[in-house]
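Student: What follows is the file upload_18.cif, containing mmCIF, C-alpha atoms and all ligand atoms:
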data_coords
loop_
_atom_site.label_atom_id
_atom_site.label_comp_id
_atom_site.auth_asym_id
_atom_site.auth_seq_id
_atom_site.Cartn_x
_atom_site.Cartn_y
_atom_site.Cartn_z
CA MET A 1 -6.86 -17.58 17.58
CA PRO A 2 -3.79 -17.23 15.34
CA GLY A 3 -0.77 -16.06 17.32
CA ALA A 4 -2.32 -16.87 20.71
CA THR A 5 -0.50 -20.18 21.10
CA THR A 6 2.93 -18.63 20.51
CA GLY A 7 2.26 -15.50 22.51
CA ALA A 8 3.47 -13.46 19.52
CA ARG A 9 2.25 -9.89 19.33
CA VAL A 10 -0.39 -9.21 16.70
CA ALA A 11 1.18 -7.87 13.49
CA ARG A 12 -0.07 -4.40 12.55
CA ILE A 13 -0.20 -3.36 8.92
CA LEU A 14 -1.02 0.15 7.72
CA VAL A 15 -2.44 0.39 4.18
CA VAL A 16 -2.14 3.85 2.61
CA HIS A 17 -4.12 4.80 -0.48
CA GLY A 18 -3.24 7.96 -2.36
CA PRO A 19 -5.25 10.38 -4.48
CA ASN A 20 -8.21 9.34 -6.61
CA LEU A 21 -8.23 5.80 -5.25
CA ASN A 22 -11.42 6.72 -3.38
CA LEU A 23 -13.02 6.64 -6.84
CA LEU A 24 -12.20 2.98 -7.49
CA GLY A 25 -15.16 1.13 -8.89
CA THR A 26 -16.13 3.93 -11.25
CA ARG A 27 -12.73 5.40 -12.15
CA ASP A 28 -11.55 4.16 -15.56
CA PRO A 29 -12.70 0.55 -14.96
CA ALA A 30 -10.78 -0.71 -18.01
CA VAL A 31 -7.56 0.25 -16.22
CA TYR A 32 -8.43 -0.04 -12.53
CA GLY A 33 -11.25 -2.60 -12.47
CA THR A 34 -14.65 -2.40 -10.82
CA THR A 35 -13.77 -3.31 -7.25
CA THR A 36 -14.41 -0.39 -4.89
CA LEU A 37 -11.93 0.85 -2.31
CA ALA A 38 -14.32 -0.21 0.47
CA GLU A 39 -14.34 -3.74 -0.95
CA ILE A 40 -10.54 -3.82 -1.16
CA ASP A 41 -10.21 -2.54 2.41
CA ALA A 42 -12.71 -5.12 3.72
CA GLU A 43 -10.81 -7.91 1.98
CA LEU A 44 -7.47 -6.66 3.36
CA VAL A 45 -8.89 -6.61 6.89
CA ARG A 46 -10.35 -10.10 6.39
CA ARG A 47 -7.09 -11.51 5.05
CA GLY A 48 -5.11 -9.86 7.82
CA ALA A 49 -7.41 -11.25 10.51
CA ALA A 50 -7.07 -14.73 8.99
CA ARG A 51 -3.32 -14.42 9.67
CA GLY A 52 -3.78 -12.93 13.12
CA ALA A 53 -2.94 -9.40 12.01
CA THR A 54 -4.71 -6.09 12.24
CA VAL A 55 -5.00 -4.05 9.04
CA THR A 56 -5.77 -0.32 9.16
CA CYS A 57 -6.58 1.45 5.90
CA VAL A 58 -6.36 5.18 5.18
CA GLN A 59 -6.98 7.16 2.00
CA SER A 60 -6.31 10.79 1.21
CA ASN A 61 -6.15 13.00 -1.82
CA LEU A 62 -3.72 15.31 0.01
CA GLU A 63 0.04 14.82 -0.08
CA GLY A 64 0.58 16.21 3.42
CA ALA A 65 -2.10 13.97 4.88
CA LEU A 66 -0.37 10.97 3.34
CA VAL A 67 2.93 12.10 4.88
CA ASP A 68 1.15 12.43 8.25
CA ALA A 69 -0.31 8.94 7.92
CA ILE A 70 3.11 7.45 7.12
CA GLN A 71 4.74 9.32 10.02
CA GLY A 72 1.95 8.06 12.28
CA ALA A 73 2.91 4.47 11.46
CA ARG A 74 6.01 4.77 13.62
CA GLY A 75 5.19 2.91 16.81
CA THR A 76 1.70 1.94 15.65
CA ALA A 77 2.42 -0.33 12.66
CA ASP A 78 4.99 -2.98 11.79
CA ALA A 79 4.84 -2.52 8.02
CA ILE A 80 3.19 -0.36 5.38
CA VAL A 81 1.44 -1.27 2.14
CA ILE A 82 1.19 1.87 0.03
CA ASN A 83 -0.33 2.88 -3.28
CA PRO A 84 0.74 6.50 -3.62
CA GLY A 85 -1.39 6.92 -6.77
CA GLY A 86 -0.20 9.82 -8.92
CA TYR A 87 2.21 10.91 -6.16
CA THR A 88 4.24 7.81 -7.01
CA HIS A 89 5.72 9.75 -9.88
CA THR A 90 6.13 13.15 -8.21
CA SER A 91 6.44 13.07 -4.44
CA VAL A 92 9.81 13.48 -2.78
CA ALA A 93 7.90 14.19 0.47
CA ILE A 94 6.21 10.78 0.48
CA ARG A 95 9.49 9.08 -0.40
CA ASP A 96 11.21 10.89 2.47
CA ALA A 97 8.42 9.93 4.89
CA ILE A 98 8.76 6.25 3.97
CA GLU A 99 12.50 6.49 4.49
CA ALA A 100 12.12 8.40 7.77
CA VAL A 101 9.84 5.90 9.52
CA ALA A 102 12.20 3.05 8.62
CA LEU A 103 9.42 0.48 8.44
CA PRO A 104 9.25 -2.16 5.70
CA ALA A 105 6.99 -0.74 2.98
CA ILE A 106 5.53 -2.48 -0.05
CA GLU A 107 4.47 -0.30 -3.00
CA VAL A 108 1.45 -1.54 -4.90
CA HIS A 109 -0.37 -0.43 -8.04
CA LEU A 110 -3.52 -1.81 -9.57
CA SER A 111 -2.31 -1.14 -13.10
CA ASN A 112 0.98 -2.15 -14.69
CA VAL A 113 2.55 1.29 -14.56
CA HIS A 114 5.46 0.10 -16.74
CA ALA A 115 3.10 -0.67 -19.62
CA ARG A 116 1.46 2.77 -19.52
CA GLU A 117 2.55 6.33 -20.34
CA PRO A 118 6.30 6.97 -19.93
CA PHE A 119 5.75 9.36 -16.99
CA ARG A 120 4.32 6.44 -15.00
CA HIS A 121 7.41 4.30 -15.54
CA GLU A 122 9.38 6.10 -12.87
CA SER A 123 8.47 5.67 -9.22
CA ILE A 124 10.08 8.17 -6.88
CA THR A 125 8.78 6.23 -3.88
CA ALA A 126 9.62 2.62 -4.82
CA ALA A 127 13.33 3.03 -4.07
CA ARG A 128 12.50 3.43 -0.38
CA CYS A 129 10.21 0.37 -0.39
CA VAL A 130 11.18 -3.27 -0.07
CA GLY A 131 9.63 -3.84 -3.48
CA GLN A 132 6.85 -2.98 -5.87
CA ILE A 133 3.86 -5.06 -6.99
CA CYS A 134 1.86 -3.81 -9.96
CA GLY A 135 -0.50 -4.91 -12.67
CA PHE A 136 -2.73 -7.36 -10.81
CA GLY A 137 -5.70 -5.12 -10.10
CA ALA A 138 -7.07 -5.39 -6.57
CA GLN A 139 -4.94 -8.51 -6.21
CA SER A 140 -1.85 -6.26 -6.10
CA TYR A 141 -2.98 -5.11 -2.66
CA TYR A 142 -3.52 -8.67 -1.42
CA LEU A 143 -0.09 -9.72 -2.70
CA GLY A 144 1.34 -6.62 -1.01
CA LEU A 145 -0.31 -7.55 2.27
CA ASP A 146 1.04 -11.08 1.97
CA ALA A 147 4.55 -9.70 1.39
CA ALA A 148 4.26 -7.32 4.35
CA LEU A 149 3.03 -10.04 6.69
CA THR A 150 5.72 -12.45 5.55
CA ILE A 151 8.36 -9.83 6.35
CA VAL A 152 6.85 -8.97 9.74
CA GLU A 153 6.35 -12.61 10.73
CA GLY A 154 9.95 -13.35 9.74
CA ARG A 155 11.20 -10.60 12.04
CA ARG A 156 9.31 -11.84 15.06
CA PRO A 157 11.36 -13.51 17.79
C1 LIG B 1 -1.90 3.82 -9.77
C2 LIG B 1 -1.01 4.17 -10.97
C3 LIG B 1 -0.70 5.66 -10.99
O1 LIG B 1 0.09 5.97 -12.12
C4 LIG B 1 -1.98 6.47 -11.06
O2 LIG B 1 -1.68 7.85 -11.01
C5 LIG B 1 -2.95 6.09 -10.01
C6 LIG B 1 -3.17 4.67 -9.74
C7 LIG B 1 -2.35 2.34 -9.80
O3 LIG B 1 -2.74 1.84 -8.75
O4 LIG B 1 -2.31 1.70 -10.84
O5 LIG B 1 -3.65 6.92 -9.44
O6 LIG B 1 -1.17 4.02 -8.59
#
Would you encode the structure as structure tokens?
Ligand code: DQA
Tutor:
Amino acid sequence: MPGATTGARVARILVVHGPNLNLLGTRDPAVYGTTTLAEIDAELVRRGAARGATVTCVQSNLEGALVDAIQGARGTADAIVINPGGYTHTSVAIRDAIEAVALPAIEVHLSNVHAREPFRHESITAARCVGQICGFGAQSYYLGLDAALTIVEGRRP
């Protein structure tokens, strides 16, 4: 079992999906692809397990519920992978929550937000994340998980 030989604690990653991402698979497939959220979550859990990590995924269409999920990561997760969806461009509350929990966070987007409408070019939340990955479809999440695990593994004693 990965991690068992070193005695290292299992890395815990929280994946947070924002509004409308529950519709993945049918939502504007030309932009977001045809992979469903359930398929992305299953792949994230599988990839995490292959690296000896637990991955917990949450989705909400409600800003406050997303803030609650991020706050709940304190003490229960080592890093966060977050796609704030449309709240990326509007939510001071989500930005503040990411800052408040002081966990490494990776912002991910399926689409290349910088190649879309001007209002999507600004991310209010990315400045409180380690970095942003966008434009790779579902792969953005897997790259985000890889980044989160690399950070967490690097911080282990
Ligand atoms: C998104 C990009 C956002 O601009 C949009 O509002 C979304 C999805 C993405 O993953 O590409 O809901 O976060």
Student: Pull the closest atom pair for each residue of chain A that gets at most 9 Å from ligand LIG 1 (chain B), along with the distance in Å to one decimal, counting only C-alpha atoms and all ligand atoms, ordering rows by chain and then ascending residue number, as a Markdown table.
Tutor:
| residue | atom | partner | partner_atom | distance |
| --- | --- | --- | --- | --- |
| A:His17 | CA | B:LIG1 | O6 | 8.7 |
| A:Gly18 | CA | B:LIG1 | O5 | 7.2 |
| A:Pro19 | CA | B:LIG1 | O5 | 6.3 |
| A:Asn20 | CA | B:LIG1 | O5 | 5.9 |
| A:Leu21 | CA | B:LIG1 | O5 | 6.3 |
| A:Val31 | CA | B:LIG1 | O4 | 7.7 |
| A:Tyr32 | CA | B:LIG1 | O4 | 6.6 |
| A:Asn83 | CA | B:LIG1 | O6 | 5.5 |
| A:Pro84 | CA | B:LIG1 | O6 | 5.9 |
| A:Gly85 | CA | B:LIG1 | O6 | 3.4 |
| A:Gly86 | CA | B:LIG1 | O2 | 3.2 |
| A:Tyr87 | CA | B:LIG1 | O2 | 6.9 |
| A:Thr88 | CA | B:LIG1 | C3 | 6.7 |
| A:His89 | CA | B:LIG1 | O1 | 7.1 |
| A:Val108 | CA | B:LIG1 | O3 | 6.6 |
| A:His109 | CA | B:LIG1 | O3 | 3.4 |
| A:Leu110 | CA | B:LIG1 | O3 | 3.8 |
| A:Ser111 | CA | B:LIG1 | O4 | 3.6 |
| A:Asn112 | CA | B:LIG1 | O4 | 6.4 |
| A:Val113 | CA | B:LIG1 | C2 | 5.8 |
| A:Arg116 | CA | B:LIG1 | O1 | 8.2 |
| A:Glu117 | CA | B:LIG1 | O1 | 8.6 |
| A:Phe119 | CA | B:LIG1 | O1 | 8.2 |
| A:Arg120 | CA | B:LIG1 | O1 | 5.1 |
| A:His121 | CA | B:LIG1 | O1 | 8.3 |
| A:Ser123 | CA | B:LIG1 | O1 | 8.9 |
| A:Cys134 | CA | B:LIG1 | O4 | 7.0 |
| A:Gly135 | CA | B:LIG1 | O4 | 7.1 |
| A:Gly137 | CA | B:LIG1 | O4 | 7.7 |
| A:Ala138 | CA | B:LIG1 | O3 | 8.7 |
| A:Ser140 | CA | B:LIG1 | O3 | 8.6 |
Student: Report, in Å to a single decimal, how far apart CA of Glu39 (chain A) and CA of Gln71 (chain A) are.
Tutor: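 Taking CA of Gln71 (chain A) and CA of Glu39 (chain A), their separation equals 25.6 Å.
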Student: Quick one: pull the distance between CA of Val81 (chain A) and CA of Val15 (chain A), Å, one decimal.
Tutor: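 Interatomic distance, CA of Val81 (chain A) to CA of Val15 (chain A): 4.7 Å.
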Student: What's the separation between CA of Asn61 (chain A) and CA of Gly25 (chain A), in Å to one decimal place?
Tutor: 16.5 Å
Student: List the spatial neighbours of Leu103 (chain A) as a list in words - criterion: any atom at most 10 Å away, all atoms listed in the file, same-chain residues fewer than 3 positions off excluded.
Tutor: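 Contacts, in chain order: Ile70, Ala73, Arg74, Gly75, Ala77, Asp78, Ala79, Ile80, Ile98, Glu99, Ala100, Ile106, Arg128, Cys129, Val130 and Val152 of chain A.
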Student: May I have the selected residues written with C-alpha atoms, as a PDB file, in the frame of the given file?
Tutor:
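In the end it all went to result.pdb:
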ATOM      1  CA  ILE A  70       3.110   7.450   7.120  1.00  0.00           C
ATOM      2  CA  ALA A  73       2.910   4.470  11.460  1.00  0.00           C
ATOM      3  CA  ARG A  74       6.010   4.770  13.620  1.00  0.00           C
ATOM      4  CA  GLY A  75       5.190   2.910  16.810  1.00  0.00           C
ATOM      5  CA  ALA A  77       2.420  -0.330  12.660  1.00  0.00           C
ATOM      6  CA  ASP A  78       4.990  -2.980  11.790  1.00  0.00           C
ATOM      7  CA  ALA A  79       4.840  -2.520   8.020  1.00  0.00           C
ATOM      8  CA  ILE A  80       3.190  -0.360   5.380  1.00  0.00           C
ATOM      9  CA  ILE A  98       8.760   6.250   3.970  1.00  0.00           C
ATOM     10  CA  GLU A  99      12.500   6.490   4.490  1.00  0.00           C
ATOM     11  CA  ALA A 100      12.120   8.400   7.770  1.00  0.00           C
ATOM     12  CA  ILE A 106       5.530  -2.480  -0.050  1.00  0.00           C
ATOM     13  CA  ARG A 128      12.500   3.430  -0.380  1.00  0.00           C
ATOM     14  CA  CYS A 129      10.210   0.370  -0.390  1.00  0.00           C
ATOM     15  CA  VAL A 130      11.180  -3.270  -0.070  1.00  0.00           C
ATOM     16  CA  VAL A 152       6.850  -8.970   9.740  1.00  0.00           C
TER      17      VAL A 152
END
Student: In file coordinates, which residues lie within 12 Å of (-0.4, -4.3, 21.8) using all atoms listed in the file, given as a list in words?
Tutor: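 Output: Gly7, Ala8, Arg9, Val10, Ala11, Arg12, Ala53, Thr54, Gly75, Thr76, Ala77 and Asp78 of chain A.
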Student: With only C-alpha atoms as the atoms that count, which of A:Ile151, A:Ile82, A:Leu23, A:Leu143 lies nearest to Val67 (chain A)?
Tutor: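 So, comparing all the options, the nearest one is A:Ile82.
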Student: With all atoms listed in the file as the atoms that count, which of A:Leu37, A:Ala65, A:Leu24, A:Ala105 lies nearest to Leu145 (chain A)?
Tutor: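 Looking only at the distances to Leu145 (chain A), the closest residue turns out to be A:Ala105.
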